[in-house]
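Structure file target.txt; described as compact mmCIF, C-alpha atoms.
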```txt
# COMPACT_ATOMS: atom_id res chain seq x y z
CA MET A 1498 24.84 -1.66 12.74
CA ARG A 1499 23.44 1.68 13.89
CA THR A 1500 24.69 2.76 17.33
CA THR A 1501 21.84 3.16 19.82
CA THR A 1502 21.61 4.21 23.44
CA VAL A 1503 21.00 1.32 25.85
CA THR A 1504 17.61 1.72 27.54
CA PRO A 1505 15.72 -0.39 30.07
CA PRO A 1506 13.41 -3.09 28.67
CA ARG A 1507 10.16 -1.59 27.41
CA PRO A 1508 6.72 -2.86 28.34
CA ARG A 1509 4.41 -4.34 25.75
CA GLY A 1510 3.46 -1.78 23.14
CA GLY A 1511 6.63 0.15 24.01
CA LEU A 1512 6.68 1.98 20.67
CA LEU A 1513 3.67 3.97 21.81
CA ARG A 1514 5.98 5.59 24.37
CA ARG A 1515 8.20 6.87 21.55
CA ARG A 1516 7.19 10.41 20.62
CA ASP A 1517 8.64 10.27 17.11
CA PHE A 1518 6.93 7.00 16.27
CA ARG A 1519 3.62 8.30 17.62
CA LEU A 1520 3.89 11.33 15.34
CA LEU A 1521 4.82 9.23 12.30
CA TRP A 1522 2.02 6.78 13.10
CA ALA A 1523 -0.56 9.51 13.66
CA GLY A 1524 0.40 11.39 10.49
CA GLU A 1525 0.28 8.29 8.32
CA THR A 1526 -3.02 7.16 9.86
CA MET A 1527 -4.67 10.51 9.19
CA SER A 1528 -3.37 10.55 5.63
CA ARG A 1529 -4.68 7.02 5.04
CA PHE A 1530 -8.02 8.00 6.51
CA GLY A 1531 -8.33 10.86 4.02
CA SER A 1532 -7.12 8.73 1.11
CA ASN A 1533 -9.81 6.15 1.81
CA ILE A 1534 -12.46 8.86 1.87
CA THR A 1535 -11.18 9.78 -1.59
CA GLY A 1536 -11.30 6.10 -2.56
CA VAL A 1537 -15.09 6.31 -2.19
CA ALA A 1538 -15.59 9.94 -3.15
CA MET A 1539 -13.63 10.00 -6.42
CA PRO A 1540 -15.52 7.19 -8.22
CA LEU A 1541 -18.81 8.47 -6.77
CA VAL A 1542 -18.10 11.91 -8.22
CA ALA A 1543 -17.48 10.22 -11.58
CA VAL A 1544 -20.58 7.97 -11.40
CA VAL A 1545 -23.11 10.29 -9.72
CA THR A 1546 -21.98 13.83 -10.59
CA LEU A 1547 -20.43 13.31 -14.03
CA ASP A 1548 -22.40 10.16 -15.08
CA ALA A 1549 -19.18 8.44 -16.24
CA SER A 1550 -19.25 5.05 -17.96
CA THR A 1551 -17.88 1.83 -16.41
CA PHE A 1552 -14.70 2.19 -18.49
CA TRP A 1553 -14.01 5.77 -17.37
CA VAL A 1554 -14.55 4.89 -13.71
CA SER A 1555 -11.97 2.12 -14.13
CA ALA A 1556 -9.65 4.52 -15.98
CA LEU A 1557 -9.90 6.90 -13.01
CA ALA A 1558 -8.77 4.12 -10.68
CA ALA A 1559 -5.94 3.27 -13.09
CA ALA A 1560 -4.72 6.88 -13.29
CA ALA A 1561 -3.91 6.96 -9.58
CA TRP A 1562 -1.51 4.01 -9.98
CA LEU A 1563 -0.09 4.64 -13.45
CA PRO A 1564 2.86 6.69 -12.07
CA TRP A 1565 4.30 3.51 -10.57
CA LEU A 1566 4.83 2.23 -14.11
CA LEU A 1567 6.13 5.56 -15.39
CA VAL A 1568 8.54 6.69 -12.66
CA GLY A 1569 8.64 3.99 -9.99
CA LEU A 1570 12.16 2.70 -10.70
CA PRO A 1571 13.95 6.06 -10.90
CA ALA A 1572 11.93 7.22 -7.87
CA GLY A 1573 13.59 4.48 -5.81
CA ALA A 1574 17.03 5.66 -6.88
CA TRP A 1575 16.16 9.26 -6.02
CA VAL A 1576 14.87 8.24 -2.59
CA ASP A 1577 18.21 6.53 -1.88
CA ARG A 1578 19.98 9.79 -2.80
CA LEU A 1579 17.72 12.37 -1.10
CA PRO A 1580 16.75 13.16 2.52
CA ARG A 1581 13.44 11.35 2.99
CA ARG A 1582 11.51 13.61 5.34
CA PRO A 1583 11.71 16.78 3.18
CA LEU A 1584 10.63 14.67 0.20
CA MET A 1585 7.63 13.34 2.14
CA LEU A 1586 6.66 16.87 3.18
CA ALA A 1587 6.72 18.07 -0.42
CA CYS A 1588 4.55 15.14 -1.52
CA ASN A 1589 1.99 15.87 1.21
CA LEU A 1590 1.68 19.55 0.35
CA GLY A 1591 1.36 18.89 -3.38
CA SER A 1592 -1.39 16.31 -2.81
CA MET A 1593 -3.25 18.70 -0.52
CA LEU A 1594 -3.40 21.43 -3.17
CA LEU A 1595 -4.41 19.04 -5.94
CA LEU A 1596 -7.29 17.51 -3.98
CA ALA A 1597 -8.57 20.90 -2.84
CA SER A 1598 -8.89 21.93 -6.50
CA VAL A 1599 -11.72 19.43 -7.12
CA PRO A 1600 -14.34 20.84 -4.72
CA LEU A 1601 -13.31 24.32 -5.83
CA ALA A 1602 -14.00 23.44 -9.45
CA ALA A 1603 -17.28 21.76 -8.47
CA TRP A 1604 -18.46 24.87 -6.61
CA LEU A 1605 -17.63 26.93 -9.72
CA ASP A 1606 -19.56 24.42 -11.87
CA ALA A 1607 -16.37 23.76 -13.87
CA LEU A 1608 -15.52 20.19 -12.84
CA THR A 1609 -14.77 17.76 -15.67
CA MET A 1610 -13.68 14.15 -16.01
CA THR A 1611 -10.38 15.43 -17.39
CA GLN A 1612 -9.66 17.29 -14.15
CA LEU A 1613 -10.47 14.21 -12.08
CA LEU A 1614 -8.07 12.13 -14.18
CA VAL A 1615 -5.28 14.74 -13.89
CA VAL A 1616 -5.71 15.02 -10.11
CA ALA A 1617 -5.69 11.24 -9.75
CA LEU A 1618 -2.54 11.01 -11.89
CA LEU A 1619 -0.58 13.74 -10.06
CA THR A 1620 -1.57 12.66 -6.55
CA GLY A 1621 -0.57 9.16 -7.63
CA LEU A 1622 2.84 10.55 -8.64
CA ALA A 1623 3.26 12.11 -5.19
CA ASN A 1624 2.22 8.82 -3.63
CA VAL A 1625 5.00 6.96 -5.48
CA PHE A 1626 7.73 9.08 -3.89
CA PHE A 1627 6.02 9.23 -0.48
CA SER A 1628 5.42 5.47 -0.27
CA ILE A 1629 9.03 4.56 -1.08
CA ALA A 1630 10.48 7.27 1.19
CA TYR A 1631 8.15 6.29 4.02
CA ARG A 1632 9.30 2.66 4.07
CA VAL A 1633 12.97 3.68 3.93
CA TYR A 1634 12.45 6.37 6.61
CA LEU A 1635 10.83 4.03 9.17
CA PRO A 1636 14.13 2.35 10.25
CA SER A 1637 15.42 5.87 11.10
CA VAL A 1638 12.62 6.32 13.62
CA VAL A 1639 12.55 2.87 15.28
CA ASP A 1640 15.24 0.33 16.12
CA ARG A 1641 15.69 -2.83 14.08
CA GLU A 1642 14.18 -5.07 16.75
CA ASP A 1643 11.05 -2.90 16.81
CA LEU A 1644 10.32 -3.07 13.06
CA ALA A 1645 7.86 -5.96 13.38
CA GLU A 1646 5.84 -4.10 16.04
CA ALA A 1647 6.01 -0.87 14.03
CA ASN A 1648 4.80 -2.53 10.82
CA ALA A 1649 1.97 -4.29 12.67
CA LYS A 1650 0.79 -1.03 14.23
CA LEU A 1651 1.03 0.83 10.93
CA GLN A 1652 -0.85 -1.88 9.03
CA GLY A 1653 -3.46 -2.07 11.80
CA SER A 1654 -4.07 1.65 11.81
CA GLU A 1655 -4.17 1.61 8.01
CA SER A 1656 -7.00 -0.91 8.17
CA ALA A 1657 -8.77 1.08 10.86
CA ALA A 1658 -8.39 4.23 8.74
CA GLN A 1659 -9.77 2.32 5.78
CA LEU A 1660 -12.79 1.23 7.83
CA ALA A 1661 -13.47 4.77 9.03
CA GLY A 1662 -12.48 6.44 5.77
CA LEU A 1663 -14.59 4.33 3.43
CA GLY A 1664 -17.60 4.50 5.74
CA GLY A 1665 -17.07 8.20 6.35
CA GLY A 1666 -16.62 8.83 2.64
CA GLY A 1667 -19.97 7.25 1.88
CA MET A 1668 -21.66 9.18 4.69
CA LEU A 1669 -20.13 12.49 3.57
CA ALA A 1670 -21.22 11.77 0.01
CA GLY A 1671 -24.75 11.05 1.14
CA VAL A 1672 -25.06 14.18 3.30
CA PHE A 1673 -22.87 16.82 1.66
CA GLY A 1674 -22.13 15.44 -1.81
CA ALA A 1675 -19.25 13.32 -3.07
CA VAL A 1676 -16.82 16.20 -3.67
CA SER A 1677 -16.84 17.09 0.04
CA GLY A 1678 -14.77 13.99 0.76
CA LEU A 1679 -11.88 15.30 -1.32
CA LEU A 1680 -11.75 18.45 0.79
CA VAL A 1681 -11.49 16.30 3.94
CA ASP A 1682 -8.64 14.35 2.33
CA ALA A 1683 -6.81 17.61 1.59
CA ALA A 1684 -7.10 18.52 5.29
CA THR A 1685 -5.62 15.17 6.35
CA PHE A 1686 -2.53 15.81 4.23
CA LEU A 1687 -2.04 19.07 6.14
CA ALA A 1688 -2.33 17.20 9.46
CA SER A 1689 0.17 14.59 8.25
CA THR A 1690 2.59 17.37 7.29
CA LEU A 1691 2.41 18.90 10.77
CA CYS A 1692 3.13 15.50 12.35
CA LEU A 1693 6.19 14.98 10.14
CA LEU A 1694 7.50 18.43 11.07
CA GLY A 1695 7.34 17.47 14.74
CA ILE A 1696 9.62 14.42 14.45
CA ARG A 1697 12.99 14.97 16.14
CA SER A 1698 14.90 11.84 15.07
CA THR A 1699 17.97 12.58 13.00
CA GLU A 1700 17.82 10.81 9.69
CA ALA A 1701 20.97 9.11 8.48
CA ARG A 1702 22.45 10.95 5.52
CA PRO A 1703 21.88 9.06 2.25
CA THR A 1704 25.04 7.67 0.70
CA ALA A 1705 26.14 10.09 -2.00
CA PRO A 1706 26.67 8.35 -5.36
CA ALA A 1707 29.86 8.87 -7.29
CA ALA A 1708 29.71 12.02 -9.37
CA SER A 1709 30.07 10.03 -12.58
CA ARG A 1710 27.57 7.34 -11.60
CA PRO A 1711 24.44 7.64 -13.77
CA LEU A 1712 20.98 7.31 -12.26
CA ARG A 1713 20.22 4.35 -14.52
CA GLN A 1714 23.05 2.38 -12.87
CA ASP A 1715 21.47 2.91 -9.44
CA VAL A 1716 18.14 1.78 -10.86
CA SER A 1717 19.79 -1.26 -12.44
CA ASP A 1718 21.45 -2.28 -9.14
CA GLY A 1719 18.14 -2.42 -7.27
CA LEU A 1720 16.34 -4.18 -10.11
CA HIS A 1721 19.04 -6.82 -10.58
CA TYR A 1722 19.27 -7.49 -6.85
CA THR A 1723 15.50 -8.04 -6.68
CA LEU A 1724 15.45 -10.35 -9.70
CA ARG A 1725 18.41 -12.45 -8.52
CA ASP A 1726 17.26 -12.97 -4.95
CA PRO A 1727 15.00 -16.08 -4.72
CA TYR A 1728 12.80 -14.66 -1.94
CA LEU A 1729 12.33 -11.19 -3.40
CA ARG A 1730 11.74 -12.61 -6.87
CA VAL A 1731 8.88 -14.93 -5.91
CA LEU A 1732 7.24 -12.35 -3.62
CA THR A 1733 7.39 -9.78 -6.41
CA ALA A 1734 5.86 -12.14 -8.97
CA TYR A 1735 3.07 -13.16 -6.60
CA GLY A 1736 2.32 -9.56 -5.61
CA THR A 1737 2.10 -8.52 -9.25
CA VAL A 1738 -0.44 -11.20 -10.16
CA THR A 1739 -2.60 -10.73 -7.08
CA ASN A 1740 -2.64 -6.94 -7.41
CA LEU A 1741 -3.73 -7.32 -11.04
CA LEU A 1742 -6.69 -9.45 -9.94
CA LEU A 1743 -7.51 -7.53 -6.75
CA THR A 1744 -7.67 -4.16 -8.42
CA GLY A 1745 -9.51 -5.61 -11.39
CA TYR A 1746 -12.47 -6.57 -9.22
CA GLN A 1747 -12.16 -3.54 -6.92
CA ALA A 1748 -12.46 -1.18 -9.90
CA LEU A 1749 -15.90 -2.68 -10.56
CA LEU A 1750 -17.26 -2.60 -7.01
CA THR A 1751 -18.74 0.90 -7.02
CA VAL A 1752 -20.50 0.29 -10.33
CA PHE A 1753 -21.65 -3.16 -9.11
CA LEU A 1754 -23.07 -1.76 -5.87
CA VAL A 1755 -24.78 1.29 -7.37
CA ARG A 1756 -26.08 -0.08 -10.68
CA ASP A 1757 -26.50 -3.84 -10.08
CA LEU A 1758 -27.38 -4.00 -6.40
CA GLY A 1759 -29.15 -0.63 -6.09
CA VAL A 1760 -27.11 0.54 -3.08
CA GLY A 1761 -27.13 4.25 -2.15
CA PRO A 1762 -23.96 6.38 -1.77
CA SER A 1763 -23.87 6.20 2.05
CA ALA A 1764 -24.20 2.42 2.09
CA VAL A 1765 -21.53 2.04 -0.62
CA GLY A 1766 -18.91 3.43 1.74
CA TRP A 1767 -19.93 1.22 4.65
CA LEU A 1768 -20.04 -1.93 2.55
CA LEU A 1769 -16.60 -1.25 1.13
CA ALA A 1770 -15.41 -0.44 4.64
CA GLY A 1771 -16.48 -3.91 5.79
CA ALA A 1772 -13.32 -5.30 4.20
CA SER A 1773 -11.22 -3.18 6.55
CA VAL A 1774 -12.45 -5.14 9.54
CA GLY A 1775 -10.57 -8.12 8.16
CA GLY A 1776 -7.49 -5.98 7.53
CA LEU A 1777 -7.51 -4.76 11.12
CA LEU A 1778 -7.71 -8.34 12.37
CA GLY A 1779 -4.91 -9.35 10.00
CA ALA A 1780 -2.58 -6.74 11.51
CA VAL A 1781 -3.40 -7.97 15.02
CA VAL A 1782 -2.76 -11.67 14.31
CA ALA A 1783 0.26 -11.32 12.00
CA GLY A 1784 2.88 -11.26 14.75
CA ARG A 1785 1.29 -14.13 16.67
CA LEU A 1786 0.94 -16.22 13.53
CA ALA A 1787 4.60 -15.65 12.60
CA ARG A 1788 5.76 -16.57 16.11
CA ARG A 1789 3.55 -19.65 16.35
CA LEU A 1790 4.07 -21.14 12.89
CA GLY A 1791 7.12 -19.27 11.60
CA SER A 1792 7.11 -16.21 9.37
CA ALA A 1793 7.24 -18.15 6.07
CA ARG A 1794 4.57 -20.66 7.06
CA GLY A 1795 2.41 -17.98 8.61
CA MET A 1796 2.47 -15.94 5.41
CA LEU A 1797 1.61 -18.99 3.30
CA LEU A 1798 -1.31 -19.89 5.58
CA ALA A 1799 -2.64 -16.34 5.50
CA LYS A 1800 -2.72 -16.38 1.71
CA PHE A 1801 -3.95 -19.92 1.02
CA ALA A 1802 -6.71 -19.88 3.64
CA THR A 1803 -8.25 -16.54 2.67
CA ALA A 1804 -8.00 -16.17 -1.14
CA PRO A 1805 -10.98 -18.48 -1.98
CA PHE A 1806 -13.34 -16.28 0.05
CA GLY A 1807 -13.22 -13.70 -2.75
CA LEU A 1808 -15.74 -15.90 -4.57
CA LEU A 1809 -18.41 -14.61 -2.17
CA ILE A 1810 -18.26 -11.18 -3.82
CA PRO A 1811 -20.01 -12.00 -7.12
CA LEU A 1812 -22.62 -13.99 -5.13
CA ALA A 1813 -23.96 -10.73 -3.65
CA GLN A 1814 -27.56 -9.84 -4.53
CA PRO A 1815 -29.94 -6.97 -3.67
CA GLY A 1816 -31.26 -7.24 -0.12
CA TRP A 1817 -29.55 -9.01 2.76
CA ARG A 1818 -27.21 -10.98 0.48
CA VAL A 1819 -25.32 -7.77 -0.28
CA VAL A 1820 -23.39 -8.54 2.94
CA LEU A 1821 -21.64 -11.38 1.08
CA LEU A 1822 -19.63 -8.72 -0.73
CA ALA A 1823 -18.42 -7.21 2.55
CA LEU A 1824 -17.69 -10.65 4.04
CA GLY A 1825 -15.66 -11.81 1.06
CA GLY A 1826 -13.70 -8.57 1.02
CA ALA A 1827 -13.06 -8.76 4.78
CA VAL A 1828 -11.54 -12.25 4.63
CA LEU A 1829 -9.42 -11.29 1.63
CA ALA A 1830 -8.17 -8.21 3.49
CA LEU A 1831 -7.31 -10.33 6.54
CA GLY A 1832 -4.92 -12.43 4.46
CA VAL A 1833 -3.47 -9.49 2.53
CA VAL A 1834 -2.69 -7.35 5.60
CA CYS A 1835 -1.38 -10.27 7.66
CA ALA A 1836 1.04 -11.20 4.87
CA ASN A 1837 1.99 -7.55 4.28
CA VAL A 1838 3.06 -7.11 7.92
CA ILE A 1839 5.29 -10.19 7.72
CA GLN A 1840 6.66 -9.30 4.30
CA GLY A 1841 7.31 -5.64 5.16
CA THR A 1842 9.36 -6.53 8.22
CA PHE A 1843 11.26 -9.16 6.23
CA ARG A 1844 12.21 -6.66 3.53
CA GLN A 1845 13.39 -3.98 5.99
CA GLN A 1846 15.55 -6.48 7.86
CA TYR A 1847 16.79 -8.57 4.93
CA CYS A 1848 17.74 -6.01 2.29
CA PRO A 1849 21.06 -4.11 2.40
CA PRO A 1850 20.20 -0.65 3.82
CA HIS A 1851 21.91 1.31 1.04
CA LEU A 1852 19.75 -0.53 -1.53
CA LEU A 1853 16.48 -0.54 0.41
CA GLY A 1854 14.88 2.32 -1.52
CA ARG A 1855 15.76 0.81 -4.89
CA ILE A 1856 14.66 -2.71 -3.91
CA THR A 1857 11.42 -1.33 -2.49
CA ALA A 1858 10.87 0.60 -5.71
CA SER A 1859 11.63 -2.44 -7.88
CA MET A 1860 9.09 -4.57 -6.03
CA SER A 1861 6.58 -1.74 -5.86
CA VAL A 1862 6.80 -0.97 -9.57
CA ALA A 1863 5.90 -4.57 -10.36
CA ASN A 1864 3.25 -4.81 -7.64
CA PHE A 1865 1.68 -1.36 -7.95
CA GLY A 1866 2.34 -1.13 -11.67
CA ALA A 1867 -0.11 -3.99 -12.07
CA ILE A 1868 -2.83 -1.88 -10.46
CA PRO A 1869 -3.63 0.45 -13.40
CA ILE A 1870 -3.51 -2.53 -15.75
CA GLY A 1871 -5.83 -4.45 -13.41
CA SER A 1872 -8.20 -1.50 -13.16
CA LEU A 1873 -8.40 -1.18 -16.92
CA LEU A 1874 -8.74 -4.96 -17.24
CA GLY A 1875 -11.69 -4.83 -14.87
CA GLY A 1876 -13.28 -2.07 -16.92
CA VAL A 1877 -12.77 -3.92 -20.21
CA LEU A 1878 -14.11 -7.20 -18.81
CA GLY A 1879 -17.02 -5.43 -17.14
CA SER A 1880 -17.95 -3.66 -20.38
CA ALA A 1881 -17.55 -6.77 -22.54
CA LEU A 1882 -18.96 -9.50 -20.29
CA GLY A 1883 -21.06 -7.60 -17.77
CA VAL A 1884 -20.00 -6.64 -14.26
CA ARG A 1885 -21.01 -9.83 -12.44
CA PRO A 1886 -19.35 -12.28 -14.92
CA ALA A 1887 -16.19 -10.16 -14.79
CA LEU A 1888 -16.21 -10.40 -10.99
CA TRP A 1889 -16.49 -14.19 -11.20
CA LEU A 1890 -13.51 -14.36 -13.55
CA LEU A 1891 -11.29 -12.08 -11.47
CA THR A 1892 -12.08 -13.55 -8.04
CA GLY A 1893 -11.72 -17.08 -9.46
CA GLY A 1894 -8.19 -16.26 -10.58
CA LEU A 1895 -7.47 -14.78 -7.17
CA ALA A 1896 -8.63 -17.99 -5.45
CA VAL A 1897 -5.85 -20.04 -7.11
CA SER A 1898 -3.13 -17.38 -7.27
CA SER A 1899 -1.48 -18.38 -3.98
CA ALA A 1900 0.05 -21.41 -5.74
CA LEU A 1901 2.67 -19.01 -7.16
CA LEU A 1902 4.25 -18.76 -3.69
CA LEU A 1903 5.24 -22.43 -3.91
CA ALA A 1904 7.56 -21.73 -6.85
CA GLY A 1905 10.40 -20.51 -4.62
CA PRO A 1906 12.16 -21.45 -1.35
CA LEU A 1907 9.23 -20.38 0.85
CA ARG A 1908 7.65 -23.85 0.71
CA THR A 1909 10.63 -25.46 2.45
CA ARG A 1910 11.18 -22.93 5.25
CA ARG A 1911 9.61 -22.29 8.60
CA ASP A 1912 10.90 -18.70 8.82
CA LEU A 1913 11.99 -16.03 6.39
CA PRO A 1914 15.63 -14.95 6.81
CA THR A 1915 16.09 -11.88 9.02
CA GLU A 1916 19.58 -10.86 7.90
CA PRO A 1917 20.77 -9.75 4.48
CA PRO A 1918 22.91 -12.26 2.57
CA LEU A 1919 26.64 -12.16 3.16
CA PRO A 1920 28.66 -10.10 0.68
CA SER A 1921 29.75 -12.11 -2.33
CA GLY A 1922 32.19 -9.65 -3.81
CA THR A 1923 29.69 -7.70 -5.90
CA ASP A 1924 29.09 -4.00 -5.47
CA ASP A 1925 25.37 -4.33 -4.87
CA GLN A 1926 25.89 -6.53 -1.78
CA GLU A 1927 28.16 -4.15 0.07
CA GLY A 1928 27.00 -2.46 3.22
CA ALA A 1929 24.73 -5.22 4.54
CA GLY A 1930 24.65 -3.41 7.89
CA GLU A 1931 24.60 0.20 8.97
```
Mind turning this structure into structure tokens?
Amino acid sequence: MRTTTVTPPRPRGGLLRRRDFRLLWAGETMSRFGSNITGVAMPLVAVVTLDASTFWVSALAAAAWLPWLLVGLPAGAWVDRLPRRPLMLACNLGSMLLLASVPLAAWLDALTMTQLLVVALLTGLANVFFSIAYRVYLPSVVDREDLAEANAKLQGSESAAQLAGLGGGGMLAGVFGAVSGLLVDAATFLASTLCLLGIRSTEARPTAPAASRPLRQDVSDGLHYTLRDPYLRVLTAYGTVTNLLLTGYQALLTVFLVRDLGVGPSAVGWLLAGASVGGLLGAVVAGRLARRLGSARGMLLAKFATAPFGLLIPLAQPGWRVVLLALGGAVLALGVVCANVIQGTFRQQYCPPHLLGRITASMSVANFGAIPIGSLLGGVLGSALGVRPALWLLTGGLAVSSALLLAGPLRTRRDLPTEPPLPSGTDDQEGAGE
């Protein structure tokens, strides 16, 4: 285990007294805030400014997640080989420049759908490396026993940033035009970069691979470990299916709100932001739920109790019943974020540290790789069946998807294991502790 200096017991919320965690937390929160502004602004630019079709709006959503399918697995191997903070800094700066190019092109009257797709694709590529590195970097900033608190705070602030970012994105679009939101997002990447530069914690040096060891072998180790482990395997399968369905309906929401429900740009952001209220609550209750019921049972309850509420979304109508969309999204987000807090802490504690980047990448490729497919699926179904029937189909599938979690050992346990499995003589189970 990592050697740490003995300190007096900390009061509740003790991580807030840690300068390095505050900086990491603040930087990530600002970046998420900007990204959620872009989540509203980018499709609004396509719909309002460029008059894009339903399919092309869905393709734009897919482009941001396609890099997970293309480079996700080797990215995990590279993260395990490279210092994480410099990699995160490079990703931030690249994303900042790419996003700033959109308002510049709009001001020059040269913006095209092609540019939007390229920017979405390349910022998505940066996000692949940043997301994996960020999860592997967190245990370098906080102690093992503080990971649950750190993940809860990060998920909570992510939901708060989503609430403010989606609402702010709609407001900015209504007042200054949709492209203005992308300029704000570029500024948040700069702020995140400055926060990362201020962190003083010394990152553990990544284990150098043997000179003759090919990258594909590192990729294979992480993939095989994930597929063999009964917990990681079922969580990966469930995450893949639910992300396919979640992003399928989410890709249609902007079109549904603007063209079917007659909602203006400012209100679009606030209605989408309503889901973040549930996410914020999910981050708050995750720890209590895991302590009261057990981490495995708490995660199952969070998923089974909330998934059927997605059926409220296609019930939305013009007028006051538009709030059904926000309510359904909020309850879904509560379950998703609550389970993500529990699952994130489990993965950081359970997986062998030297394989954490590759295991994270393996799970993320399956989970996030489903997102571009889901976005395109939503666009195809929306074009073929109509937006509202497609929403019924996708949210109906989501309502029953939690049954997949019963296929593995989760159904028989109160708690998820908090230690990696004991070595069994294979190379990929060495180094279970630091």
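Counting only C-alpha atoms and comparing A:Ala1823, A:Met1796, A:Val1625, A:Ala1602, the residue that lies closest to Trp1575 in chain A is A:Val1625.
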In Å, how far is it from CA of Phe1627 in chain A to CA of His1721 in chain A?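 Computed distance, CA of Phe1627 in chain A to CA of His1721 in chain A, equals 23.0 Å.
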Out of A:Arg1697, A:Arg1818, A:Arg1756, A:Arg1885, which residue has the shortest atom-to-atom distance to Val1545 in chain A when counting only C-alpha atoms?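 Checking each of A:Arg1697, A:Arg1818, A:Arg1756, A:Arg1885 against Val1545 in chain A, counting only C-alpha atoms, the winner is A:Arg1756.
Candidate residues A:Leu1878, A:Val1599, A:Leu1798, A:Ile1534 were compared for distance to Cys1835 in chain A, and the nearest is A:Leu1798, using all atoms listed in the file.
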Given only C-alpha atoms as the basis, pick out the residue of A:Gly1784, A:Gly1591, A:Pro1811, A:Gly1695 nearest to Asn1648 in chain A.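 Using only C-alpha atoms, Asn1648 in chain A sits closest to A:Gly1784.
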May I ask you to restore N, CA, C and O atoms in range 1819-1830 of chain A and write the result as a CSV table (one decimal), keeping the file's coordinate frame?
```csv
chain,number,residue,atom,x,y,z
A,1819,VAL,N,-26.4,-8.7,0.1
A,1819,VAL,CA,-25.3,-7.8,-0.3
A,1819,VAL,C,-24.2,-7.9,0.7
A,1819,VAL,O,-23.0,-7.5,0.4
A,1820,VAL,N,-24.5,-8.4,1.9
A,1820,VAL,CA,-23.4,-8.5,2.9
A,1820,VAL,C,-22.3,-9.6,2.5
A,1820,VAL,O,-21.2,-9.5,3.1
A,1821,LEU,N,-22.6,-10.4,1.6
A,1821,LEU,CA,-21.6,-11.4,1.1
A,1821,LEU,C,-20.4,-10.7,0.5
A,1821,LEU,O,-19.3,-11.1,0.6
A,1822,LEU,N,-20.7,-9.5,-0.2
A,1822,LEU,CA,-19.6,-8.7,-0.7
A,1822,LEU,C,-18.7,-8.2,0.4
A,1822,LEU,O,-17.5,-8.3,0.2
A,1823,ALA,N,-19.2,-7.7,1.4
A,1823,ALA,CA,-18.4,-7.2,2.6
A,1823,ALA,C,-17.7,-8.4,3.2
A,1823,ALA,O,-16.5,-8.2,3.6
A,1824,LEU,N,-18.3,-9.5,3.4
A,1824,LEU,CA,-17.7,-10.6,4.0
A,1824,LEU,C,-16.5,-11.2,3.2
A,1824,LEU,O,-15.4,-11.4,3.7
A,1825,GLY,N,-16.7,-11.3,1.9
A,1825,GLY,CA,-15.7,-11.8,1.1
A,1825,GLY,C,-14.5,-10.9,1.1
A,1825,GLY,O,-13.3,-11.3,1.2
A,1826,GLY,N,-14.8,-9.6,1.0
A,1826,GLY,CA,-13.7,-8.6,1.0
A,1826,GLY,C,-13.0,-8.6,2.3
A,1826,GLY,O,-11.7,-8.4,2.4
A,1827,ALA,N,-13.7,-8.8,3.5
A,1827,ALA,CA,-13.1,-8.8,4.8
A,1827,ALA,C,-12.1,-9.9,4.9
A,1827,ALA,O,-11.0,-9.7,5.5
A,1828,VAL,N,-12.5,-11.1,4.5
A,1828,VAL,CA,-11.5,-12.2,4.6
A,1828,VAL,C,-10.3,-12.1,3.7
A,1828,VAL,O,-9.2,-12.4,4.1
A,1829,LEU,N,-10.6,-11.6,2.5
A,1829,LEU,CA,-9.4,-11.3,1.6
A,1829,LEU,C,-8.5,-10.3,2.3
A,1829,LEU,O,-7.2,-10.5,2.3
A,1830,ALA,N,-9.0,-9.2,2.9
A,1830,ALA,CA,-8.2,-8.2,3.5
A,1830,ALA,C,-7.4,-8.8,4.7
A,1830,ALA,O,-6.3,-8.4,4.9
```
